[in-house]
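*Asks:* To start, I am sharing the structure in question, which I have written as structure tokens.
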Amino acid sequence: IIKQCCSGQIRAKTQVVLTFDDGYSDNYEVSFPILEKKGFPASFFLIADYVGSNTPLWDWQVINILNDYPSIKSIEIANKIIRQGPIEPRLPFIFRVLKEMKPISPAKRRQAISSLNVKTNTGFEFDRCVTWEEARKMSEAGMEIGSHSLSHRSLTRIPFFEAIEEIRKSKEVIEYNIKRPCCHFSFPFGGRQDYNQALINCVKDSGYKSCLLNLHGYNYFKKDNFCFKRIIMAESTNVTHLFG
């Protein structure tokens with residue numbers, strides 16, 4: 001169904017925006033060629049410190065290590081020992097570890113991962129993030145490049161001045177490297193516990209035009225551009241689900 005907007009533009013009654021978080025290389029190698037061939041624009045949200053680092057995100061490293069090494073029953077995180085309970089299933093233990101690591105600094109994360117004393121690069125060859133050159137190529141082809149913070153921390157659980165730095169500095173770094181405006185922000189993790197109104201106000205004040213959450217749901221015209229919900233897609237998700 002098509003309706004005429006007051007600006008004179010023709011818009012579909014239902015619109016879909018394709019978004020990709022984290023900036024893994026498969027965004028460029030797999031998704032981007034398909035989108036470009038089909039003529040579909042999309043938004044890619046990058047974690048500035050990981051672009052061109054040739055490494056996966058810290059949480060993906062932790063998940064893979066703890067899955068691959070079931071003998072690891074504890075991990076020291078910022079001077080705190082997290083232990084798997086005697087009858088605790090592996091997955092809840094991994095989730096507890098991730099929760100503890102969400103707010104800590106990149107340096108402390110690296111220290112915690114190093115303390116596991118395993119080869120963290122094993123099996124990660126295909127899990128790197130995009131390079132700046134790849135990000136520029138996507139941007140030049142009409143894809144939107146947004147920010148997903150500097151280091152992928154839960155911004156409500158760190159000092160406010162550090163959260164501001166994650167929001168503002170990531171925008172500056174992305175714009176410097178792609179030579180185009182970075183207009184949209186996606187909250188790291190994006191659950192209800194990972195954002196608040198003060199942080200949303202900071203996103204607005206930093207010059208972004210919108211921010212996205214990781215809350216399941218649909219959005220409506222004339223609603224707040226700084227509280228966009230999303231439909232999380234999986235291999236089993238029927239595309240008609242996008243249209244409500």
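By order in the structure tokens, chains are A, B, ...; within a chain, residues start at 1; ligands start at 1, following the order shown.
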Could you give me, as a ChimeraX atom specification, the residues within 6 Å of Tyr24 (chain A), counting only C-alpha atoms and dropping anything in the same chain fewer than 4 positions from it?

*Replies:* /A:128-130

*Asks:* Quick one: everything within 12 Å of region 191-200 of chain A, counting only C-alpha atoms, minus sequence neighbours fewer than 2 positions away in the same chain. Send it as a PDB file with N, CA and C atoms, in the first residue's frame.

*Replies:*
ATOM      1  N   LYS A  99      28.356 -11.407  31.390  1.00  0.00           N
ATOM      2  CA  LYS A  99      27.759 -10.313  32.149  1.00  0.00           C
ATOM      3  C   LYS A  99      28.804  -9.578  32.973  1.00  0.00           C
ATOM      4  N   LYS A 102      31.046  -7.354  30.555  1.00  0.00           N
ATOM      5  CA  LYS A 102      30.458  -6.280  29.756  1.00  0.00           C
ATOM      6  C   LYS A 102      30.925  -4.873  30.140  1.00  0.00           C
ATOM      7  N   PRO A 103      31.109  -4.577  31.425  1.00  0.00           N
ATOM      8  CA  PRO A 103      31.484  -3.197  31.753  1.00  0.00           C
ATOM      9  C   PRO A 103      32.979  -2.932  31.894  1.00  0.00           C
ATOM     10  N   HIS A 152      32.531  -1.854  22.669  1.00  0.00           N
ATOM     11  CA  HIS A 152      31.484  -2.845  22.922  1.00  0.00           C
ATOM     12  C   HIS A 152      31.346  -3.161  24.415  1.00  0.00           C
ATOM     13  N   ARG A 153      31.075  -2.114  25.188  1.00  0.00           N
ATOM     14  CA  ARG A 153      30.783  -2.269  26.604  1.00  0.00           C
ATOM     15  C   ARG A 153      29.340  -1.863  26.869  1.00  0.00           C
ATOM     16  N   SER A 154      28.764  -2.372  27.941  1.00  0.00           N
ATOM     17  CA  SER A 154      27.425  -1.953  28.344  1.00  0.00           C
ATOM     18  C   SER A 154      27.542  -0.555  28.936  1.00  0.00           C
ATOM     19  N   LEU A 155      26.978   0.449  28.257  1.00  0.00           N
ATOM     20  CA  LEU A 155      27.252   1.841  28.598  1.00  0.00           C
ATOM     21  C   LEU A 155      26.614   2.293  29.908  1.00  0.00           C
ATOM     22  N   THR A 156      25.608   1.594  30.383  1.00  0.00           N
ATOM     23  CA  THR A 156      25.004   1.970  31.666  1.00  0.00           C
ATOM     24  C   THR A 156      25.830   1.491  32.850  1.00  0.00           C
ATOM     25  N   ARG A 157      26.781   0.616  32.607  1.00  0.00           N
ATOM     26  CA  ARG A 157      27.526   0.003  33.705  1.00  0.00           C
ATOM     27  C   ARG A 157      28.961   0.529  33.807  1.00  0.00           C
ATOM     28  N   ILE A 158      29.234   1.603  33.095  1.00  0.00           N
ATOM     29  CA  ILE A 158      30.550   2.227  33.177  1.00  0.00           C
ATOM     30  C   ILE A 158      30.363   3.689  33.578  1.00  0.00           C
ATOM     31  N   PRO A 159      31.414   4.358  34.061  1.00  0.00           N
ATOM     32  CA  PRO A 159      31.277   5.777  34.410  1.00  0.00           C
ATOM     33  C   PRO A 159      30.703   6.576  33.240  1.00  0.00           C
ATOM     34  N   PHE A 160      29.884   7.567  33.566  1.00  0.00           N
ATOM     35  CA  PHE A 160      29.161   8.302  32.529  1.00  0.00           C
ATOM     36  C   PHE A 160      30.113   8.980  31.550  1.00  0.00           C
ATOM     37  N   PHE A 161      31.219   9.521  32.050  1.00  0.00           N
ATOM     38  CA  PHE A 161      32.151  10.199  31.139  1.00  0.00           C
ATOM     39  C   PHE A 161      32.768   9.214  30.159  1.00  0.00           C
ATOM     40  N   GLU A 162      32.940   7.956  30.564  1.00  0.00           N
ATOM     41  CA  GLU A 162      33.452   6.939  29.647  1.00  0.00           C
ATOM     42  C   GLU A 162      32.397   6.567  28.605  1.00  0.00           C
ATOM     43  N   ALA A 163      31.137   6.520  29.030  1.00  0.00           N
ATOM     44  CA  ALA A 163      30.051   6.228  28.091  1.00  0.00           C
ATOM     45  C   ALA A 163      29.942   7.328  27.034  1.00  0.00           C
ATOM     46  N   ILE A 164      30.096   8.587  27.466  1.00  0.00           N
ATOM     47  CA  ILE A 164      30.068   9.705  26.526  1.00  0.00           C
ATOM     48  C   ILE A 164      31.195   9.559  25.509  1.00  0.00           C
ATOM     49  N   GLU A 165      32.378   9.169  25.986  1.00  0.00           N
ATOM     50  CA  GLU A 165      33.510   8.959  25.097  1.00  0.00           C
ATOM     51  C   GLU A 165      33.217   7.861  24.078  1.00  0.00           C
ATOM     52  N   GLU A 166      32.583   6.771  24.528  1.00  0.00           N
ATOM     53  CA  GLU A 166      32.234   5.668  23.627  1.00  0.00           C
ATOM     54  C   GLU A 166      31.299   6.148  22.513  1.00  0.00           C
ATOM     55  N   ILE A 167      30.385   7.033  22.856  1.00  0.00           N
ATOM     56  CA  ILE A 167      29.390   7.522  21.898  1.00  0.00           C
ATOM     57  C   ILE A 167      30.009   8.537  20.942  1.00  0.00           C
ATOM     58  N   ARG A 168      30.714   9.513  21.493  1.00  0.00           N
ATOM     59  CA  ARG A 168      31.213  10.623  20.674  1.00  0.00           C
ATOM     60  C   ARG A 168      32.478  10.261  19.892  1.00  0.00           C
ATOM     61  N   HIS A 184      24.021   7.473  12.747  1.00  0.00           N
ATOM     62  CA  HIS A 184      23.164   6.591  13.526  1.00  0.00           C
ATOM     63  C   HIS A 184      23.993   5.787  14.533  1.00  0.00           C
ATOM     64  N   PHE A 185      23.396   5.518  15.674  1.00  0.00           N
ATOM     65  CA  PHE A 185      24.085   4.825  16.761  1.00  0.00           C
ATOM     66  C   PHE A 185      23.265   3.622  17.207  1.00  0.00           C
ATOM     67  N   SER A 186      23.937   2.504  17.405  1.00  0.00           N
ATOM     68  CA  SER A 186      23.295   1.292  17.915  1.00  0.00           C
ATOM     69  C   SER A 186      23.912   0.956  19.267  1.00  0.00           C
ATOM     70  N   PHE A 187      23.094   0.915  20.307  1.00  0.00           N
ATOM     71  CA  PHE A 187      23.607   0.651  21.642  1.00  0.00           C
ATOM     72  C   PHE A 187      24.228  -0.746  21.731  1.00  0.00           C
ATOM     73  N   PRO A 188      25.434  -0.856  22.287  1.00  0.00           N
ATOM     74  CA  PRO A 188      26.022  -2.185  22.507  1.00  0.00           C
ATOM     75  C   PRO A 188      25.094  -3.053  23.355  1.00  0.00           C
ATOM     76  N   PHE A 189      24.849  -4.254  22.905  1.00  0.00           N
ATOM     77  CA  PHE A 189      23.940  -5.222  23.533  1.00  0.00           C
ATOM     78  C   PHE A 189      22.492  -4.751  23.422  1.00  0.00           C
ATOM     79  N   CYS A 202      22.555  11.967  25.295  1.00  0.00           N
ATOM     80  CA  CYS A 202      23.934  12.147  24.842  1.00  0.00           C
ATOM     81  C   CYS A 202      24.073  11.807  23.368  1.00  0.00           C
ATOM     82  N   VAL A 203      23.394  10.741  22.927  1.00  0.00           N
ATOM     83  CA  VAL A 203      23.408  10.374  21.512  1.00  0.00           C
ATOM     84  C   VAL A 203      22.844  11.520  20.672  1.00  0.00           C
ATOM     85  N   LYS A 204      21.738  12.094  21.127  1.00  0.00           N
ATOM     86  CA  LYS A 204      21.136  13.230  20.421  1.00  0.00           C
ATOM     87  C   LYS A 204      22.104  14.405  20.359  1.00  0.00           C
ATOM     88  N   ASP A 205      22.689  14.740  21.506  1.00  0.00           N
ATOM     89  CA  ASP A 205      23.575  15.900  21.590  1.00  0.00           C
ATOM     90  C   ASP A 205      24.860  15.717  20.802  1.00  0.00           C
ATOM     91  N   SER A 206      25.215  14.469  20.517  1.00  0.00           N
ATOM     92  CA  SER A 206      26.455  14.189  19.779  1.00  0.00           C
ATOM     93  C   SER A 206      26.279  14.314  18.275  1.00  0.00           C
ATOM     94  N   GLY A 207      25.069  14.578  17.821  1.00  0.00           N
ATOM     95  CA  GLY A 207      24.839  14.807  16.405  1.00  0.00           C
ATOM     96  C   GLY A 207      24.292  13.637  15.623  1.00  0.00           C
ATOM     97  N   TYR A 208      23.958  12.559  16.320  1.00  0.00           N
ATOM     98  CA  TYR A 208      23.329  11.424  15.629  1.00  0.00           C
ATOM     99  C   TYR A 208      21.873  11.772  15.306  1.00  0.00           C
ATOM    100  N   LYS A 209      21.342  11.141  14.281  1.00  0.00           N
ATOM    101  CA  LYS A 209      19.948  11.356  13.883  1.00  0.00           C
ATOM    102  C   LYS A 209      19.007  10.304  14.454  1.00  0.00           C
ATOM    103  N   SER A 210      19.574   9.184  14.913  1.00  0.00           N
ATOM    104  CA  SER A 210      18.740   8.129  15.496  1.00  0.00           C
ATOM    105  C   SER A 210      19.611   7.201  16.316  1.00  0.00           C
ATOM    106  N   CYS A 211      18.979   6.406  17.166  1.00  0.00           N
ATOM    107  CA  CYS A 211      19.707   5.305  17.800  1.00  0.00           C
ATOM    108  C   CYS A 211      18.799   4.091  17.873  1.00  0.00           C
ATOM    109  N   LEU A 212      19.432   2.928  17.827  1.00  0.00           N
ATOM    110  CA  LEU A 212      18.717   1.669  17.780  1.00  0.00           C
ATOM    111  C   LEU A 212      18.976   0.869  19.043  1.00  0.00           C
ATOM    112  N   LEU A 213      17.954   0.147  19.460  1.00  0.00           N
ATOM    113  CA  LEU A 213      18.027  -0.709  20.632  1.00  0.00           C
ATOM    114  C   LEU A 213      18.000  -2.162  20.166  1.00  0.00           C
ATOM    115  N   ASN A 214      18.080  -3.057  21.116  1.00  0.00           N
ATOM    116  CA  ASN A 214      17.986  -4.479  20.792  1.00  0.00           C
ATOM    117  C   ASN A 214      16.725  -5.050  21.423  1.00  0.00           C
ATOM    118  N   LEU A 215      15.647  -4.282  21.327  1.00  0.00           N
ATOM    119  CA  LEU A 215      14.351  -4.696  21.841  1.00  0.00           C
ATOM    120  C   LEU A 215      13.485  -5.140  20.681  1.00  0.00           C
ATOM    121  N   HIS A 216      12.822  -6.259  20.860  1.00  0.00           N
ATOM    122  CA  HIS A 216      11.989  -6.813  19.789  1.00  0.00           C
ATOM    123  C   HIS A 216      10.714  -5.979  19.644  1.00  0.00           C
ATOM    124  N   ASP A 224       9.542   8.482  18.299  1.00  0.00           N
ATOM    125  CA  ASP A 224      10.883   8.930  18.627  1.00  0.00           C
ATOM    126  C   ASP A 224      11.938   8.176  17.823  1.00  0.00           C
ATOM    127  N   ASN A 225      12.772   8.909  17.086  1.00  0.00           N
ATOM    128  CA  ASN A 225      13.834   8.281  16.304  1.00  0.00           C
ATOM    129  C   ASN A 225      14.950   7.715  17.159  1.00  0.00           C
ATOM    130  N   PHE A 226      14.905   7.945  18.469  1.00  0.00           N
ATOM    131  CA  PHE A 226      15.991   7.513  19.339  1.00  0.00           C
ATOM    132  C   PHE A 226      15.601   6.334  20.227  1.00  0.00           C
ATOM    133  N   CYS A 227      14.576   5.627  19.807  1.00  0.00           N
ATOM    134  CA  CYS A 227      14.159   4.430  20.541  1.00  0.00           C
ATOM    135  C   CYS A 227      13.725   3.330  19.575  1.00  0.00           C
ATOM    136  N   PHE A 228      14.424   3.172  18.482  1.00  0.00           N
ATOM    137  CA  PHE A 228      14.018   2.201  17.481  1.00  0.00           C
ATOM    138  C   PHE A 228      14.197   0.769  17.991  1.00  0.00           C
ATOM    139  N   LYS A 229      13.109   0.016  17.902  1.00  0.00           N
ATOM    140  CA  LYS A 229      13.163  -1.416  18.192  1.00  0.00           C
ATOM    141  C   LYS A 229      13.538  -2.161  16.914  1.00  0.00           C
ATOM    142  N   ARG A 230      13.794  -3.473  17.054  1.00  0.00           N
ATOM    143  CA  ARG A 230      14.184  -4.249  15.877  1.00  0.00           C
ATOM    144  C   ARG A 230      13.585  -5.651  15.929  1.00  0.00           C
TER     145      ARG A 230
END

*Asks:* Using backbone DSSP assignments, extract all alpha helix (DSSP H) residues from region 21-97 of chain A; output them as a ChimeraX atom specification.

*Replies:* /A:25-26,32-38,58-68,90-97

*Asks:* Please, could you write that set of residues out with N, CA and C atoms as an mmCIF file, in the first residue's frame?

*Replies:*
data_model
loop_
_atom_site.group_PDB
_atom_site.id
_atom_site.type_symbol
_atom_site.label_atom_id
_atom_site.label_comp_id
_atom_site.auth_asym_id
_atom_site.auth_seq_id
_atom_site.Cartn_x
_atom_site.Cartn_y
_atom_site.Cartn_z
ATOM 1 N N SER A 25 33.508 -9.477 9.210
ATOM 2 C CA SER A 25 33.911 -9.464 7.805
ATOM 3 C C SER A 25 32.870 -10.082 6.886
ATOM 4 N N ASP A 26 32.027 -10.983 7.413
ATOM 5 C CA ASP A 26 31.009 -11.568 6.540
ATOM 6 C C ASP A 26 29.974 -10.522 6.111
ATOM 7 N N PHE A 32 27.058 -7.764 1.853
ATOM 8 C CA PHE A 32 27.187 -6.587 0.991
ATOM 9 C C PHE A 32 27.039 -6.905 -0.496
ATOM 10 N N PRO A 33 27.704 -7.932 -1.048
ATOM 11 C CA PRO A 33 27.522 -8.215 -2.483
ATOM 12 C C PRO A 33 26.074 -8.528 -2.853
ATOM 13 N N ILE A 34 25.374 -9.226 -1.968
ATOM 14 C CA ILE A 34 23.971 -9.558 -2.242
ATOM 15 C C ILE A 34 23.118 -8.299 -2.224
ATOM 16 N N LEU A 35 23.316 -7.464 -1.221
ATOM 17 C CA LEU A 35 22.555 -6.223 -1.116
ATOM 18 C C LEU A 35 22.816 -5.317 -2.305
ATOM 19 N N GLU A 36 24.074 -5.214 -2.690
ATOM 20 C CA GLU A 36 24.436 -4.349 -3.822
ATOM 21 C C GLU A 36 23.812 -4.868 -5.112
ATOM 22 N N LYS A 37 23.843 -6.176 -5.306
ATOM 23 C CA LYS A 37 23.269 -6.769 -6.517
ATOM 24 C C LYS A 37 21.764 -6.531 -6.578
ATOM 25 N N LYS A 38 21.098 -6.642 -5.432
ATOM 26 C CA LYS A 38 19.644 -6.468 -5.378
ATOM 27 C C LYS A 38 19.233 -5.003 -5.328
ATOM 28 N N TRP A 58 35.446 -9.397 21.661
ATOM 29 C CA TRP A 58 35.847 -10.071 22.896
ATOM 30 C C TRP A 58 34.824 -11.113 23.332
ATOM 31 N N ASP A 59 33.526 -10.817 23.197
ATOM 32 C CA ASP A 59 32.513 -11.759 23.676
ATOM 33 C C ASP A 59 32.497 -13.041 22.841
ATOM 34 N N TRP A 60 32.771 -12.904 21.536
ATOM 35 C CA TRP A 60 32.831 -14.091 20.678
ATOM 36 C C TRP A 60 34.050 -14.942 21.026
ATOM 37 N N GLN A 61 35.142 -14.277 21.380
ATOM 38 C CA GLN A 61 36.320 -15.016 21.826
ATOM 39 C C GLN A 61 36.008 -15.825 23.085
ATOM 40 N N VAL A 62 35.376 -15.169 24.050
ATOM 41 C CA VAL A 62 35.073 -15.838 25.318
ATOM 42 C C VAL A 62 34.133 -17.015 25.108
ATOM 43 N N ILE A 63 33.085 -16.802 24.316
ATOM 44 C CA ILE A 63 32.119 -17.874 24.055
ATOM 45 C C ILE A 63 32.805 -19.080 23.432
ATOM 46 N N ASN A 64 33.638 -18.837 22.428
ATOM 47 C CA ASN A 64 34.311 -19.939 21.748
ATOM 48 C C ASN A 64 35.299 -20.656 22.650
ATOM 49 N N ILE A 65 36.052 -19.908 23.431
ATOM 50 C CA ILE A 65 37.031 -20.531 24.319
ATOM 51 C C ILE A 65 36.336 -21.408 25.362
ATOM 52 N N LEU A 66 35.305 -20.884 25.987
ATOM 53 C CA LEU A 66 34.629 -21.646 27.044
ATOM 54 C C LEU A 66 33.856 -22.832 26.473
ATOM 55 N N ASN A 67 33.410 -22.715 25.229
ATOM 56 C CA ASN A 67 32.774 -23.863 24.580
ATOM 57 C C ASN A 67 33.789 -24.930 24.202
ATOM 58 N N ASP A 68 34.952 -24.490 23.735
ATOM 59 C CA ASP A 68 35.967 -25.431 23.242
ATOM 60 C C ASP A 68 36.794 -26.065 24.361
ATOM 61 N N ARG A 90 26.740 -25.538 31.346
ATOM 62 C CA ARG A 90 27.798 -24.696 30.780
ATOM 63 C C ARG A 90 27.278 -23.345 30.307
ATOM 64 N N LEU A 91 26.132 -23.323 29.642
ATOM 65 C CA LEU A 91 25.641 -22.085 29.040
ATOM 66 C C LEU A 91 25.363 -20.992 30.081
ATOM 67 N N PRO A 92 24.664 -21.288 31.184
ATOM 68 C CA PRO A 92 24.467 -20.248 32.202
ATOM 69 C C PRO A 92 25.785 -19.716 32.759
ATOM 70 N N PHE A 93 26.774 -20.591 32.890
ATOM 71 C CA PHE A 93 28.090 -20.153 33.352
ATOM 72 C C PHE A 93 28.701 -19.161 32.361
ATOM 73 N N ILE A 94 28.615 -19.469 31.073
ATOM 74 C CA ILE A 94 29.153 -18.572 30.047
ATOM 75 C C ILE A 94 28.439 -17.227 30.097
ATOM 76 N N PHE A 95 27.128 -17.246 30.258
ATOM 77 C CA PHE A 95 26.366 -15.998 30.332
ATOM 78 C C PHE A 95 26.773 -15.169 31.550
ATOM 79 N N ARG A 96 27.067 -15.822 32.663
ATOM 80 C CA ARG A 96 27.507 -15.088 33.855
ATOM 81 C C ARG A 96 28.869 -14.441 33.612
ATOM 82 N N VAL A 97 29.742 -15.165 32.922
ATOM 83 C CA VAL A 97 31.060 -14.618 32.593
ATOM 84 C C VAL A 97 30.906 -13.390 31.694
#

*Asks:* Have a look at CA of Asp21 (chain A) and CA of Ile145 (chain A) and let me know their distance in Å, one decimal.

*Replies:*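 Separation between CA of Asp21 (chain A) and CA of Ile145 (chain A): 10.3 Å.
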
*Asks:* Just checking: using only C-alpha atoms, which residue out of A:Ser31, A:Glu235, A:Tyr69, A:Val51 ends up closest to Asn117 (chain A)?

*Replies:*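 Using only C-alpha atoms, the shortest distance to Asn117 (chain A) belongs to A:Tyr69.
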
*Asks:* If DSSP is run on the backbone, what residues of region 4-234 of chain A are strand (DSSP E or B)? A reply as an MDAnalysis selection string would be ideal.

*Replies:* chainID A and resid 4 10:12 19:22 24 43:46 74:77 80:83 129 144:147 184:186 210:216 228:230
